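S.K.: My structure is in target.cif, and what it holds is mmCIF, C-alpha atoms and all ligand atoms:
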data_query
loop_
_atom_site.label_atom_id
_atom_site.label_comp_id
_atom_site.auth_asym_id
_atom_site.auth_seq_id
_atom_site.Cartn_x
_atom_site.Cartn_y
_atom_site.Cartn_z
CA MET A 1 6.63 -7.31 21.70
CA GLU A 2 7.91 -8.90 18.48
CA VAL A 3 7.17 -7.28 15.13
CA ILE A 4 8.19 -8.55 11.70
CA LEU A 5 9.51 -5.69 9.59
CA ALA A 6 8.10 -6.60 6.17
CA THR A 7 10.65 -4.92 3.91
CA HIS A 8 13.40 -6.15 1.60
CA ASN A 9 14.93 -2.68 1.40
CA PRO A 10 18.10 -2.64 3.57
CA HIS A 11 18.07 1.17 3.82
CA LYS A 12 14.55 1.27 5.22
CA LEU A 13 15.58 -1.46 7.63
CA ALA A 14 18.56 0.58 8.86
CA GLU A 15 16.40 3.69 9.36
CA PHE A 16 13.73 1.74 11.26
CA ARG A 17 16.33 0.04 13.44
CA ALA A 18 17.71 3.43 14.48
CA ILE A 19 14.26 4.98 15.03
CA PHE A 20 12.86 2.04 17.03
CA LYS A 21 16.05 1.78 19.10
CA ALA A 22 15.77 5.44 20.09
CA PHE A 23 12.02 5.78 20.56
CA ALA A 24 10.47 2.30 21.02
CA PRO A 25 13.25 0.11 22.46
CA THR A 26 10.82 -2.49 23.84
CA VAL A 27 9.77 -3.49 20.30
CA ASP A 28 11.80 -6.43 19.06
CA LEU A 29 12.15 -6.04 15.27
CA ILE A 30 12.45 -9.29 13.32
CA THR A 31 13.67 -8.96 9.74
CA LEU A 32 12.62 -11.00 6.72
CA ARG A 33 16.11 -12.51 6.82
CA ALA A 34 14.66 -14.82 9.49
CA PHE A 35 12.23 -16.16 6.84
CA PRO A 36 14.32 -16.84 3.72
CA HIS A 37 11.48 -18.72 1.99
CA TYR A 38 8.92 -15.96 2.42
CA PRO A 39 7.70 -14.97 -1.09
CA VAL A 40 7.66 -11.23 -1.86
CA PRO A 41 4.06 -10.19 -2.64
CA GLU A 42 3.57 -8.27 -5.86
CA GLU A 43 2.85 -4.57 -5.28
CA THR A 44 -0.33 -4.32 -7.32
CA GLY A 45 -1.86 -1.34 -5.48
CA THR A 46 -2.25 2.10 -7.02
CA THR A 47 -1.68 4.03 -3.77
CA PHE A 48 0.94 3.90 -1.01
CA GLU A 49 -1.77 2.80 1.41
CA GLU A 50 -2.94 -0.11 -0.73
CA ASN A 51 0.61 -1.37 -1.17
CA ALA A 52 1.51 -0.96 2.50
CA LYS A 53 -1.63 -2.90 3.51
CA LEU A 54 -0.90 -5.62 1.00
CA LYS A 55 2.70 -6.06 2.25
CA ALA A 56 1.78 -5.97 5.95
CA LEU A 57 -1.16 -8.38 5.64
CA ALA A 58 0.75 -10.87 3.50
CA ALA A 59 3.61 -11.04 6.02
CA ALA A 60 1.34 -11.16 9.09
CA LYS A 61 -0.79 -13.97 7.64
CA ASP A 62 2.00 -16.06 6.11
CA LEU A 63 4.41 -15.69 9.01
CA GLY A 64 1.86 -15.65 11.83
CA GLY A 65 2.65 -12.51 13.81
CA PHE A 66 2.47 -8.72 13.90
CA ALA A 67 3.99 -7.25 10.75
CA LEU A 68 4.92 -3.66 9.92
CA ALA A 69 5.19 -2.56 6.28
CA ASP A 70 6.33 0.73 4.75
CA ASP A 71 5.26 1.87 1.33
CA SER A 72 6.85 5.14 0.37
CA GLY A 73 8.03 7.20 -2.54
CA LEU A 74 8.64 10.55 -4.12
CA VAL A 75 5.78 12.54 -5.66
CA VAL A 76 6.44 15.34 -8.16
CA PRO A 77 3.21 17.24 -8.95
CA ALA A 78 4.71 18.75 -12.14
CA LEU A 79 5.20 15.19 -13.41
CA GLU A 80 1.57 14.29 -12.66
CA GLY A 81 2.67 12.59 -9.45
CA ARG A 82 5.49 10.45 -10.86
CA PRO A 83 7.47 8.50 -9.73
CA GLY A 84 4.87 7.98 -6.94
CA VAL A 85 4.04 4.37 -6.15
CA TYR A 86 6.49 3.34 -8.86
CA SER A 87 9.44 5.09 -7.14
CA ALA A 88 11.43 1.87 -6.65
CA ARG A 89 10.95 0.75 -10.29
CA TYR A 90 10.72 4.14 -12.03
CA ALA A 91 13.39 3.33 -14.62
CA GLY A 92 11.96 -0.17 -15.18
CA PRO A 93 11.98 -3.55 -13.44
CA GLY A 94 15.27 -4.15 -11.61
CA ALA A 95 16.24 -0.44 -11.82
CA THR A 96 18.89 0.76 -9.37
CA ASP A 97 18.52 3.92 -7.29
CA PHE A 98 21.06 5.52 -9.63
CA ASP A 99 19.01 4.62 -12.74
CA ASN A 100 15.88 6.06 -11.13
CA ARG A 101 17.63 9.33 -10.23
CA LYS A 102 19.03 9.64 -13.75
CA LYS A 103 15.54 9.25 -15.18
CA LEU A 104 14.14 11.85 -12.76
CA ILE A 105 16.86 14.38 -13.67
CA ARG A 106 16.05 13.84 -17.35
CA GLU A 107 12.28 14.15 -16.90
CA MET A 108 12.72 17.39 -14.94
CA GLU A 109 14.98 19.10 -17.46
CA GLY A 110 13.63 22.57 -18.23
CA LEU A 111 11.44 22.73 -15.10
CA GLU A 112 12.21 25.68 -12.82
CA GLY A 113 11.13 27.23 -9.52
CA LEU A 114 7.86 25.91 -8.12
CA HIS A 115 7.69 23.32 -10.90
CA ARG A 116 10.54 21.55 -9.08
CA SER A 117 8.40 21.07 -5.93
CA ALA A 118 8.14 17.50 -4.64
CA TYR A 119 7.33 15.56 -1.52
CA PHE A 120 8.25 12.25 0.03
CA GLU A 121 5.38 10.25 1.45
CA CYS A 122 5.42 7.20 3.70
CA VAL A 123 2.50 5.02 4.74
CA LEU A 124 3.12 2.56 7.55
CA VAL A 125 0.74 -0.32 8.20
CA LEU A 126 0.79 -2.58 11.23
CA ALA A 127 -1.17 -5.80 10.70
CA SER A 128 -1.83 -8.98 12.65
CA PRO A 129 -3.03 -12.25 11.06
CA GLU A 130 -6.57 -11.01 11.81
CA GLY A 131 -6.23 -7.80 9.80
CA VAL A 132 -4.98 -4.23 9.67
CA LYS A 133 -4.45 -2.63 13.09
CA ILE A 134 -2.89 0.78 12.32
CA VAL A 135 -2.39 2.97 9.25
CA ALA A 136 -0.06 5.97 9.75
CA ARG A 137 1.16 8.57 7.24
CA GLY A 138 4.03 11.00 7.01
CA LYS A 139 4.98 13.57 4.40
CA VAL A 140 7.89 15.98 3.90
CA GLU A 141 7.85 18.77 1.32
CA GLY A 142 10.80 20.03 -0.66
CA THR A 143 12.31 20.56 -4.10
CA ILE A 144 14.28 18.51 -6.58
CA VAL A 145 17.77 19.91 -7.13
CA GLU A 146 19.32 19.84 -10.62
CA ALA A 147 22.37 17.71 -9.80
CA GLU A 148 22.98 15.06 -7.15
CA ARG A 149 24.60 16.11 -3.87
CA GLY A 150 25.64 13.95 -0.92
CA ARG A 151 26.44 10.32 -0.30
CA ASN A 152 24.21 9.33 2.62
CA GLY A 153 20.74 7.85 2.56
CA PHE A 154 19.33 6.05 -0.48
CA GLY A 155 16.87 6.32 -3.36
CA TYR A 156 16.16 9.92 -4.32
CA ASP A 157 17.92 11.44 -1.27
CA PRO A 158 20.76 13.06 -3.30
CA LEU A 159 18.13 15.00 -5.30
CA PHE A 160 15.70 15.99 -2.55
CA GLN A 161 16.08 19.17 -0.51
CA LYS A 162 13.55 19.85 2.24
CA LEU A 163 11.91 23.29 2.23
CA GLU A 164 13.96 25.83 4.20
CA SER A 165 17.07 23.65 4.09
CA ASN A 166 20.15 24.05 1.92
CA LYS A 167 21.18 20.40 2.15
CA THR A 168 19.83 17.43 0.28
CA PHE A 169 18.71 14.44 2.37
CA ALA A 170 21.91 12.68 1.22
CA GLU A 171 24.00 15.48 2.78
CA LEU A 172 22.38 14.93 6.19
CA ASP A 173 23.67 12.38 8.71
CA GLU A 174 21.32 9.50 9.50
CA GLN A 175 20.21 11.00 12.82
CA THR A 176 19.21 14.30 11.23
CA LYS A 177 17.28 12.64 8.39
CA ASN A 178 15.52 10.41 10.92
CA ARG A 179 14.42 13.47 12.86
CA ILE A 180 12.65 15.17 9.93
CA SER A 181 11.81 12.51 7.37
CA HIS A 182 8.45 11.28 6.08
CA ARG A 183 9.31 7.89 7.65
CA ARG A 184 9.89 9.45 11.08
CA LYS A 185 6.66 11.47 10.87
CA ALA A 186 4.70 8.32 10.02
CA PHE A 187 6.48 6.49 12.85
CA ASP A 188 5.44 9.17 15.38
CA LYS A 189 1.79 8.77 14.33
CA LEU A 190 2.11 4.98 14.43
CA MET A 191 3.31 5.21 18.03
CA LEU A 192 0.31 7.32 19.10
CA SER A 193 -2.10 4.63 17.88
CA TRP A 194 0.15 1.83 19.14
CA GLU A 195 -0.12 3.16 22.69
CA SER A 196 -3.91 3.40 22.55
CA LEU A 197 -4.20 -0.16 21.15
CA LYS A 198 -2.35 -1.52 24.23
CA LEU A 199 -0.70 -4.24 22.17
P1 LIG A 201 9.96 -2.93 0.21
O1 LIG A 201 8.71 -2.90 -0.66
O2 LIG A 201 10.55 -4.28 0.35
O3 LIG A 201 9.76 -2.25 1.53
P2 LIG A 201 10.97 -1.06 -1.79
O4 LIG A 201 12.25 -0.27 -1.94
O5 LIG A 201 10.48 -1.80 -3.02
O6 LIG A 201 11.11 -2.05 -0.54
P3 LIG A 201 8.72 0.77 -1.95
O7 LIG A 201 7.94 -0.02 -2.94
O8 LIG A 201 8.00 1.40 -0.79
O9 LIG A 201 9.86 -0.09 -1.27
O10 LIG A 201 9.53 1.90 -2.76
C1 LIG A 201 10.18 2.89 -2.06
C2 LIG A 201 11.04 3.69 -3.01
O11 LIG A 201 10.76 5.09 -2.82
C3 LIG A 201 12.52 3.52 -2.67
O12 LIG A 201 13.08 2.44 -3.38
C4 LIG A 201 13.09 4.87 -3.04
O13 LIG A 201 13.31 4.92 -4.43
C5 LIG A 201 11.96 5.82 -2.69
N1 LIG A 201 12.08 6.27 -1.29
C6 LIG A 201 11.27 5.95 -0.24
N2 LIG A 201 11.71 6.51 0.90
C7 LIG A 201 12.83 7.18 0.58
C8 LIG A 201 13.75 7.93 1.31
O14 LIG A 201 13.65 8.06 2.64
N3 LIG A 201 14.77 8.48 0.66
C9 LIG A 201 14.92 8.34 -0.67
N4 LIG A 201 14.11 7.63 -1.44
C10 LIG A 201 13.05 7.04 -0.83
#
Just give me the structure of the file as structure tokens.

M.R.:
Amino acid sequence: MEVILATHNPHKLAEFRAIFKAFAPTVDLITLRAFPHYPVPEETGTTFEENAKLKALAAAKDLGGFALADDSGLVVPALEGRPGVYSARYAGPGATDFDNRKKLIREMEGLEGLHRSAYFECVLVLASPEGVKIVARGKVEGTIVEAERGRNGFGYDPLFQKLESNKTFAELDEQTKNRISHRRKAFDKLMLSWESLKL
């Protein structure tokens, strides 16, 4: 079965490629590179679910096939949920991952202990041109460390340490992150529904 992976984020793409290859090898992932004229829909939603639905439906309808979208981000309760749905553009439009991490470190200055709690969330939506078929969620809880550690991964990985771990996500190899991440948990739920849909 062919599925369009509706993301422009090369890191998400790499993680999905590895996860699908290992656990759903019969799914043929097509990237947006195959559709260079496809316009990126604006992420106007206020929740991960709204944005994931919007991205999956736009791709499925415009490109005429099954499309899978991921909307994800980092939530820090002590910052009233920021960066949240704005994770990719936390430091402003066009911000790099480095800019976003710098802003997070600054905003968390002076916060200690439980106030440094955070979680990554991922909502995956599979849509066809007729509408949404599956919504699946994954979450991983942890804390925000005070200084970056590690070179793997992307986004906020150098600042995020899962509970009961002494390594940040950026200190883990790709296989280990893909075993425990919010994206992997959402993927596992997606697969349960996928099987019952008999696509
Ligand atoms: P697409 O919309 O094209 O998929 P995007 O990067 O704009 O790409 P999102 O709007 O879902 O995607 O924003 C996700 C942001 O959340 C991402 O840029 C990171 O800053 C952060 N994020 C999500 N998953 C992450 C992970 O596994 N590790 C580190 N940061 C992550």

S.K.: Residues within 9 Å of ligand LIG 201 (chain A) (all atoms listed in the file), as number ranges by chain?

M.R.: A: 5-13, 15, 40-41, 43, 48, 51-52, 55, 69-74, 83-90, 96-97, 100-101, 120-123, 153-160, 169-170, 177-178, 181-183

S.K.: Using all atoms listed in the file, which protein or nucleic acid residues come within 8 Å of segment 161-168 of chain A? Drop anything in the same chain fewer than 4 positions from it, and give the result as a list of chain:residue names.

M.R.: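 Here the answer would be A:Val140, A:Glu141, A:Gly142, A:Thr143, A:Ile144, A:Val145, A:Arg149, A:Gly150, A:Asp157, A:Leu172.
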
S.K.: I'd like the interatomic distance between atom CA of Phe66 of chain A and atom CA of Ala22 of chain A, to a tenth of an Å.

M.R.: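 Computing it gives 20.4 Å between the two atoms.
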
S.K.: When distances are computed from only C-alpha atoms, which of A:Leu29, A:Ala127, A:Leu199, A:Ala136 shows the smallest separation from Arg184 of chain A?

M.R.: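 Once distances to Arg184 of chain A are computed over only C-alpha atoms, the minimum belongs to A:Ala136.
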
S.K.: Smallest atom-to-atom distance to Phe16 of chain A: which of A:Arg179, A:His115, A:Arg106, A:Lys61, using all atoms listed in the file?

M.R.: A:Arg179

S.K.: Have a look at atom CA of Leu68 of chain A and atom CA of Leu124 of chain A and let me know their distance in Å, one decimal.

M.R.: 6.9 Å

S.K.: Any chance you could tabulate, as a tab-separated table, the residues of segment 115-186 of chain A at most 9 Å from segment 192-197 of chain A with each one's nearest atom pair and distance in Å to one decimal, using all atoms listed in the file, in chain and rising number order?

M.R.:
residue	atom	partner	partner_atom	distance
A:Lys133	CA	A:Leu197	CA	8.4
A:Ile134	CA	A:Ser193	CA	6.8
A:Val135	CA	A:Ser193	CA	8.8
A:Ala136	CA	A:Ser193	CA	8.5

S.K.: Box along x, y and z, 6 Å on every side, all listed atoms of segment 17-35 of chain A inside: centre and edge lengths in Å to one decimal, as JSON.

M.R.:
{"center_x": 13.7, "center_y": -5.2, "center_z": 15.3, "size_x": 19.9, "size_y": 33.9, "size_z": 29.1}

S.K.: For Leu114 of chain A, please output as a PDB file with C-alpha atoms, keeping the file's coordinate frame all residues within 10 Å (counting only C-alpha atoms; exclusion window: fewer than 2 positions along the same chain).

M.R.:
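Result saved to selection-v8.pdb:
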ATOM      1  CA  PRO A  77       3.210  17.240  -8.950  1.00  0.00           C
ATOM      2  CA  ALA A  78       4.710  18.750 -12.140  1.00  0.00           C
ATOM      3  CA  LEU A 111      11.440  22.730 -15.100  1.00  0.00           C
ATOM      4  CA  GLU A 112      12.210  25.680 -12.820  1.00  0.00           C
ATOM      5  CA  ARG A 116      10.540  21.550  -9.080  1.00  0.00           C
ATOM      6  CA  SER A 117       8.400  21.070  -5.930  1.00  0.00           C
ATOM      7  CA  ALA A 118       8.140  17.500  -4.640  1.00  0.00           C
ATOM      8  CA  GLY A 142      10.800  20.030  -0.660  1.00  0.00           C
ATOM      9  CA  THR A 143      12.310  20.560  -4.100  1.00  0.00           C
ATOM     10  CA  ILE A 144      14.280  18.510  -6.580  1.00  0.00           C
TER      11      ILE A 144
END

S.K.: Could you give me, as a JSON list (two decimals) with C-alpha atoms, in the frame of the given file, the residues within 7 Å of segment 23-27 of chain A, counting all atoms listed in the file and dropping anything in the same chain fewer than 2 positions from it?

M.R.:
[["chain", "number", "residue", "atom", "x", "y", "z"],
["A", 1, "MET", "CA", 6.63, -7.31, 21.70],
["A", 2, "GLU", "CA", 7.91, -8.90, 18.48],
["A", 3, "VAL", "CA", 7.17, -7.28, 15.13],
["A", 19, "ILE", "CA", 14.26, 4.98, 15.03],
["A", 20, "PHE", "CA", 12.86, 2.04, 17.03],
["A", 21, "LYS", "CA", 16.05, 1.78, 19.10],
["A", 29, "LEU", "CA", 12.15, -6.04, 15.27]]

S.K.: What is the distance between atom CA of Ala186 of chain A and atom CA of Gly64 of chain A, in Å to one decimal?

M.R.: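 Computing the Euclidean distance for atom CA of Ala186 of chain A and atom CA of Gly64 of chain A yields 24.2 Å.
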
S.K.: Between A:Lys198, A:Arg82, A:Lys103, A:Lys53, single out the one closest to Tyr119 of chain A, counting only C-alpha atoms.

M.R.: A:Arg82

S.K.: Return the single residue from A:Gln175, A:Ser128, A:Asn152, A:Thr44 that is closest to Arg17 of chain A, with distances computed using only C-alpha atoms.

M.R.: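 Closest candidate: A:Gln175.
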
S.K.: Go through A:Thr31, A:Ala95, A:Glu171, A:Phe187 one by one, measure the shortest atom-to-atom distance of each to Ala14 of chain A using only C-alpha atoms, and give the residue with the smallest value.

M.R.: A:Thr31
